[in-house]
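A quick write-up on the structure given underneath.
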Amino acid sequence: MSSCVFCAIAEGGAPASRVYEDDDVVAFLDIRPIARGHTLVVPRIHAARLEDLDPASGAAVFRAGQRIARAMSRSELATDGTNLVLNDGRAAFQTVFHTHLHVLPRWTGDRVRMGIGLLRRRPHDPETTAALIRAGLDRLTSEEHP
């Protein structure tokens, strides 16, 4: 069995309450749910971080997340909305290092609070910040096409 619990679940070697699977992903209920129906979508291929995940697998993860969110709204869960959350890295609260998408069902008036720091948002020198990100994208392009 794999040392990665999500790989073990994807391979069928560890228990999970599966809600969806296809050739690319497996989705199952979180064992420590924030809300009823809280589902994790994992790629079958191990990728510890988002940058390790190939774009096709990332697209498959988000397609499955969208489908599950739509299913929740049409089920007896009758959700009013959904948060799709991908925590990338320890600083972003990633605890299992196999890239995964949280599909978090929401209802009007629920008491779930997502990161208090998100409420007080302020721009941080937008022009300089945008230039830094563009420079990073240029570096990526150089790495991909030497």
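Ordered as shown in the structure tokens, chains take letters A, B, and onward, while each chain numbers its residues from 1 and ligands are numbered from 1 in the order shown.
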Filtered DSSP result for stretch 88-137 of chain A, state strand (DSSP E or B), as a list in words: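 Going through stretch 88-137 of chain A, the strand (DSSP E or B) residues come out as Leu101, His102, Val103, Leu104, Pro105 and Arg106 of chain A.
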Residues from the last selection, C-alpha atoms, saved as a compact mmCIF listing (two decimals), in the first residue's frame:
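Result went into part-v7.txt, see below:
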```txt
# COMPACT_ATOMS: atom_id res chain seq x y z
CA LEU A 101 -9.97 19.95 -4.13
CA HIS A 102 -12.44 20.53 -1.29
CA VAL A 103 -16.05 20.72 -2.47
CA LEU A 104 -17.68 22.44 0.47
CA PRO A 105 -21.48 22.65 0.38
CA ARG A 106 -23.02 25.87 1.63
```
Helix (DSSP H, G or I) residues, from DSSP on the backbone, in stretch 11-143 of chain A, as a PyMOL selection string: chain A and resi 11+50-52+55-74+90-92+116-118+126-143
Suppose we keep N, CA and C atoms; can you now write the selection as a short mmCIF file (atom, residue, chain, number, x, y, z; two decimals), in the first residue's frame?
```
data_model
loop_
_atom_site.label_atom_id
_atom_site.label_comp_id
_atom_site.auth_asym_id
_atom_site.auth_seq_id
_atom_site.Cartn_x
_atom_site.Cartn_y
_atom_site.Cartn_z
N GLU A 11 -6.35 3.92 -5.15
CA GLU A 11 -6.03 2.56 -5.60
C GLU A 11 -6.98 1.52 -5.02
N LEU A 50 0.25 21.71 -6.17
CA LEU A 50 -0.41 22.17 -7.39
C LEU A 50 0.59 22.27 -8.54
N GLU A 51 1.80 22.74 -8.27
CA GLU A 51 2.78 22.89 -9.35
C GLU A 51 3.23 21.54 -9.89
N ASP A 52 3.01 20.46 -9.14
CA ASP A 52 3.37 19.11 -9.60
C ASP A 52 2.26 18.47 -10.43
N PRO A 55 -1.63 19.92 -16.13
CA PRO A 55 -2.86 20.68 -16.40
C PRO A 55 -4.07 19.81 -16.74
N ALA A 56 -3.87 18.70 -17.44
CA ALA A 56 -5.01 17.85 -17.79
C ALA A 56 -5.63 17.24 -16.53
N SER A 57 -4.79 16.81 -15.59
CA SER A 57 -5.30 16.26 -14.33
C SER A 57 -5.99 17.34 -13.51
N GLY A 58 -5.42 18.55 -13.52
CA GLY A 58 -6.05 19.67 -12.81
C GLY A 58 -7.42 19.98 -13.37
N ALA A 59 -7.53 19.95 -14.69
CA ALA A 59 -8.82 20.20 -15.32
C ALA A 59 -9.83 19.12 -14.94
N ALA A 60 -9.37 17.87 -14.88
CA ALA A 60 -10.25 16.77 -14.50
C ALA A 60 -10.75 16.93 -13.06
N VAL A 61 -9.86 17.38 -12.17
CA VAL A 61 -10.23 17.60 -10.77
C VAL A 61 -11.32 18.67 -10.69
N PHE A 62 -11.15 19.78 -11.39
CA PHE A 62 -12.14 20.86 -11.32
C PHE A 62 -13.44 20.49 -12.03
N ARG A 63 -13.37 19.72 -13.13
CA ARG A 63 -14.60 19.25 -13.78
C ARG A 63 -15.41 18.39 -12.81
N ALA A 64 -14.72 17.49 -12.11
CA ALA A 64 -15.41 16.63 -11.14
C ALA A 64 -15.98 17.47 -10.00
N GLY A 65 -15.20 18.45 -9.52
CA GLY A 65 -15.69 19.32 -8.45
C GLY A 65 -16.95 20.06 -8.85
N GLN A 66 -16.97 20.57 -10.08
CA GLN A 66 -18.15 21.28 -10.57
C GLN A 66 -19.35 20.33 -10.66
N ARG A 67 -19.12 19.13 -11.15
CA ARG A 67 -20.20 18.15 -11.28
C ARG A 67 -20.77 17.77 -9.90
N ILE A 68 -19.88 17.57 -8.94
CA ILE A 68 -20.33 17.21 -7.59
C ILE A 68 -21.10 18.37 -6.97
N ALA A 69 -20.64 19.60 -7.16
CA ALA A 69 -21.35 20.76 -6.64
C ALA A 69 -22.76 20.84 -7.23
N ARG A 70 -22.87 20.61 -8.53
CA ARG A 70 -24.20 20.63 -9.17
C ARG A 70 -25.07 19.52 -8.61
N ALA A 71 -24.48 18.35 -8.39
CA ALA A 71 -25.23 17.21 -7.84
C ALA A 71 -25.74 17.52 -6.44
N MET A 72 -24.92 18.18 -5.63
CA MET A 72 -25.34 18.53 -4.27
C MET A 72 -26.55 19.45 -4.28
N SER A 73 -26.56 20.40 -5.22
CA SER A 73 -27.69 21.34 -5.27
C SER A 73 -28.97 20.66 -5.71
N ARG A 74 -28.85 19.57 -6.45
CA ARG A 74 -30.02 18.85 -6.95
C ARG A 74 -30.41 17.66 -6.07
N ARG A 90 1.90 24.00 2.96
CA ARG A 90 1.65 24.08 4.41
C ARG A 90 1.16 25.48 4.81
N ALA A 91 1.71 26.52 4.21
CA ALA A 91 1.31 27.89 4.55
C ALA A 91 -0.15 28.16 4.19
N ALA A 92 -0.69 27.36 3.25
CA ALA A 92 -2.09 27.50 2.83
C ALA A 92 -2.98 26.44 3.48
N ILE A 116 -10.91 34.52 8.28
CA ILE A 116 -11.29 35.89 8.66
C ILE A 116 -10.45 36.92 7.89
N GLY A 117 -9.19 36.61 7.62
CA GLY A 117 -8.34 37.54 6.89
C GLY A 117 -8.84 37.86 5.50
N LEU A 118 -9.68 37.02 4.97
CA LEU A 118 -10.23 37.27 3.64
C LEU A 118 -11.25 38.41 3.65
N PRO A 126 -0.84 47.44 -6.57
CA PRO A 126 -1.28 46.55 -7.64
C PRO A 126 -0.38 46.54 -8.87
N GLU A 127 0.16 47.67 -9.28
CA GLU A 127 0.99 47.69 -10.49
C GLU A 127 2.28 46.90 -10.29
N THR A 128 2.94 47.12 -9.17
CA THR A 128 4.17 46.38 -8.88
C THR A 128 3.88 44.89 -8.72
N THR A 129 2.81 44.58 -8.01
CA THR A 129 2.45 43.18 -7.80
C THR A 129 2.14 42.50 -9.13
N ALA A 130 1.39 43.16 -9.99
CA ALA A 130 1.09 42.58 -11.31
C ALA A 130 2.37 42.37 -12.12
N ALA A 131 3.29 43.32 -12.03
CA ALA A 131 4.57 43.20 -12.76
C ALA A 131 5.37 42.01 -12.25
N LEU A 132 5.37 41.77 -10.94
CA LEU A 132 6.08 40.62 -10.37
C LEU A 132 5.50 39.31 -10.89
N ILE A 133 4.18 39.22 -10.95
CA ILE A 133 3.54 38.00 -11.43
C ILE A 133 3.81 37.80 -12.92
N ARG A 134 3.75 38.89 -13.71
CA ARG A 134 4.08 38.78 -15.14
C ARG A 134 5.51 38.31 -15.34
N ALA A 135 6.44 38.80 -14.51
CA ALA A 135 7.84 38.36 -14.60
C ALA A 135 7.95 36.86 -14.29
N GLY A 136 7.20 36.40 -13.30
CA GLY A 136 7.18 34.97 -12.99
C GLY A 136 6.63 34.14 -14.14
N LEU A 137 5.59 34.67 -14.80
CA LEU A 137 5.04 33.97 -15.98
C LEU A 137 6.06 33.92 -17.12
N ASP A 138 6.80 35.00 -17.28
CA ASP A 138 7.86 35.01 -18.30
C ASP A 138 8.92 33.95 -17.98
N ARG A 139 9.29 33.83 -16.71
CA ARG A 139 10.27 32.81 -16.31
C ARG A 139 9.74 31.41 -16.59
N LEU A 140 8.46 31.19 -16.30
CA LEU A 140 7.86 29.88 -16.59
C LEU A 140 7.93 29.57 -18.07
N THR A 141 7.60 30.55 -18.89
CA THR A 141 7.65 30.36 -20.34
C THR A 141 9.07 30.02 -20.78
N SER A 142 10.06 30.68 -20.20
CA SER A 142 11.46 30.39 -20.53
C SER A 142 11.84 28.97 -20.12
N GLU A 143 11.35 28.52 -18.96
CA GLU A 143 11.63 27.16 -18.48
C GLU A 143 10.97 26.12 -19.38
#
```
Using only C-alpha atoms: which of A:Phe6, A:Trp107, A:Phe97, A:Phe28 has the shortest distance to A:Thr82: A:Trp107
Would you compute the distance between atom CA of A:Leu40 and atom CA of A:Ser3? Give it in Å to one decimal.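 A separation of 18.4 Å between them.
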Two-atom distance - atom CA of A:Leu29, atom CA of A:Ser17 (Å):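 Taking atom CA of A:Leu29 as the start and atom CA of A:Ser17 as the end point, the length is 5.5 Å.
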Nearest to A:Val96 by atom-to-atom distance, counting only C-alpha atoms, from A:Glu76, A:Asp54, A:Asp30, A:Asp125: A:Asp30
